[in-house]
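Below is one structure, written out as structure tokens; comments come after it.
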Amino acid sequence: MIDFPAMILYLAATAFTPGPNNLMCMYLGANYGLKGSRKFIVASMGSVFVKALLCGLLNVALAAVIPSVVPVLKWAGAAYMLYLAWTMLKSGMKKEEAAEKQGESTYSAGILLQILNMKSWVSALSLFSVYVVPYTTALWAIFAGSGIMLSLLIAASLSWCLFGRAIKNVYNQYKLPLSIVMALSLVYCAVTAVL
């Protein structure tokens, strides 16, 4: 049976943590507001949904062709979660954040960012290899996982955009405790993924 709470916790942790898409949304929100950022957000989220569906179908194909690959993908996904936890913890100990990424709010910028965004590729692959395909290869599960991932990413993108520079100040003020909570959440997800 799919462990929806652990899956949602994993997706929330990967959706709301700083990454290329969130930093771009923060920059665009601070400079252009939500209305000026909409093209980028719409294109980026549409690309994420297509990416998630592709990753889900790829996992199903791999599981059908090579059933022995599923446990390997499960462990690889858990290892990636531990890596993310470690990088979150390390970033929480740093005093300064990296400089903001710059760019425009265009459809092409949103699509290109998601094509090149390894964080969301690995998150989508991990989602299906750890939480869905080991339990079911049903098409409804692929769409459900993709939809949950998309919903959380939309919420994260809008949050980063709406709060703009303000969220950066809050994150920097409480960086270490927030990083510890997120890192421990991912460790929990990794442990439950392989048990």
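Identifiers in this document derive from the order of the structure tokens: chains are assigned A, B, ..., residues are numbered from 1 separately in each chain, and ligands are numbered from 1 in order of occurrence.
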10 Å contact set for Gly19 of chain A, only C-alpha atoms, chain neighbours under 5 positions out, as a ChimeraX atom specification: /A:14,24-25,117-120
In segment 47-158 of chain A, DSSP alpha helix (DSSP H) residues written as a PyMOL selection string: chain A and resi 47-65+69-93+107-116+118-126+139-158
Contact residues around Met26 of chain A with only C-alpha atoms at 6 Å, ignoring same-chain residues under 3 positions, as a short mmCIF file (atom, residue, chain, number, x, y, z; two decimals) with N, CA and C atoms, in the first residue's frame:
```cif
data_model
loop_
_atom_site.label_atom_id
_atom_site.label_comp_id
_atom_site.auth_asym_id
_atom_site.auth_seq_id
_atom_site.Cartn_x
_atom_site.Cartn_y
_atom_site.Cartn_z
N LEU A 23 14.12 29.81 -5.97
CA LEU A 23 14.92 31.04 -5.98
C LEU A 23 14.48 31.96 -7.11
N GLY A 29 9.09 37.36 -7.79
CA GLY A 29 8.09 37.95 -6.89
C GLY A 29 8.56 39.27 -6.30
N TRP A 160 6.94 31.23 -2.37
CA TRP A 160 8.22 31.93 -2.59
C TRP A 160 8.00 33.22 -3.37
N CYS A 161 7.10 33.20 -4.32
CA CYS A 161 6.83 34.40 -5.12
C CYS A 161 6.14 35.48 -4.28
N GLY A 164 8.49 36.79 -1.60
CA GLY A 164 9.66 37.44 -2.18
C GLY A 164 10.81 37.55 -1.21
#
```
Surrounding residues of Trp121 of chain A excluding itself and chain neighbours under 4 positions, 10 Å, only C-alpha atoms, as an MDAnalysis selection string: chainID A and resid 48 51:52 54:55 114:117 125:127
Only N, CA and C atoms, please: the residues just picked out, written as a compact mmCIF listing (two decimals), in the first residue's frame.
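In the end it all went to again_0.txt:
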```txt
# COMPACT_ATOMS: atom_id res chain seq x y z
N VAL A 48 6.74 20.62 -14.93
CA VAL A 48 6.92 19.68 -13.81
C VAL A 48 5.90 18.54 -13.91
N LYS A 51 7.00 16.25 -16.61
CA LYS A 51 8.20 15.56 -16.13
C LYS A 51 7.82 14.44 -15.15
N ALA A 52 6.90 14.72 -14.24
CA ALA A 52 6.48 13.70 -13.26
C ALA A 52 5.81 12.53 -13.95
N LEU A 54 6.28 11.51 -17.02
CA LEU A 54 7.33 10.76 -17.72
C LEU A 54 8.13 9.89 -16.75
N CYS A 55 8.46 10.45 -15.60
CA CYS A 55 9.22 9.68 -14.61
C CYS A 55 8.40 8.51 -14.08
N GLN A 114 12.92 23.95 -15.93
CA GLN A 114 12.51 22.61 -15.51
C GLN A 114 13.20 21.50 -16.31
N ILE A 115 13.52 21.77 -17.57
CA ILE A 115 14.28 20.79 -18.34
C ILE A 115 15.64 20.57 -17.70
N LEU A 116 16.24 21.64 -17.20
CA LEU A 116 17.59 21.56 -16.64
C LEU A 116 17.63 21.36 -15.13
N ASN A 117 16.48 21.40 -14.47
CA ASN A 117 16.42 21.34 -13.01
C ASN A 117 16.55 19.89 -12.52
N LEU A 125 11.70 11.09 -10.00
CA LEU A 125 12.15 9.69 -10.10
C LEU A 125 12.07 8.99 -8.74
N SER A 126 12.49 9.69 -7.69
CA SER A 126 12.43 9.12 -6.34
C SER A 126 11.00 8.89 -5.90
N LEU A 127 10.12 9.84 -6.22
CA LEU A 127 8.70 9.72 -5.88
C LEU A 127 8.15 8.37 -6.36
```
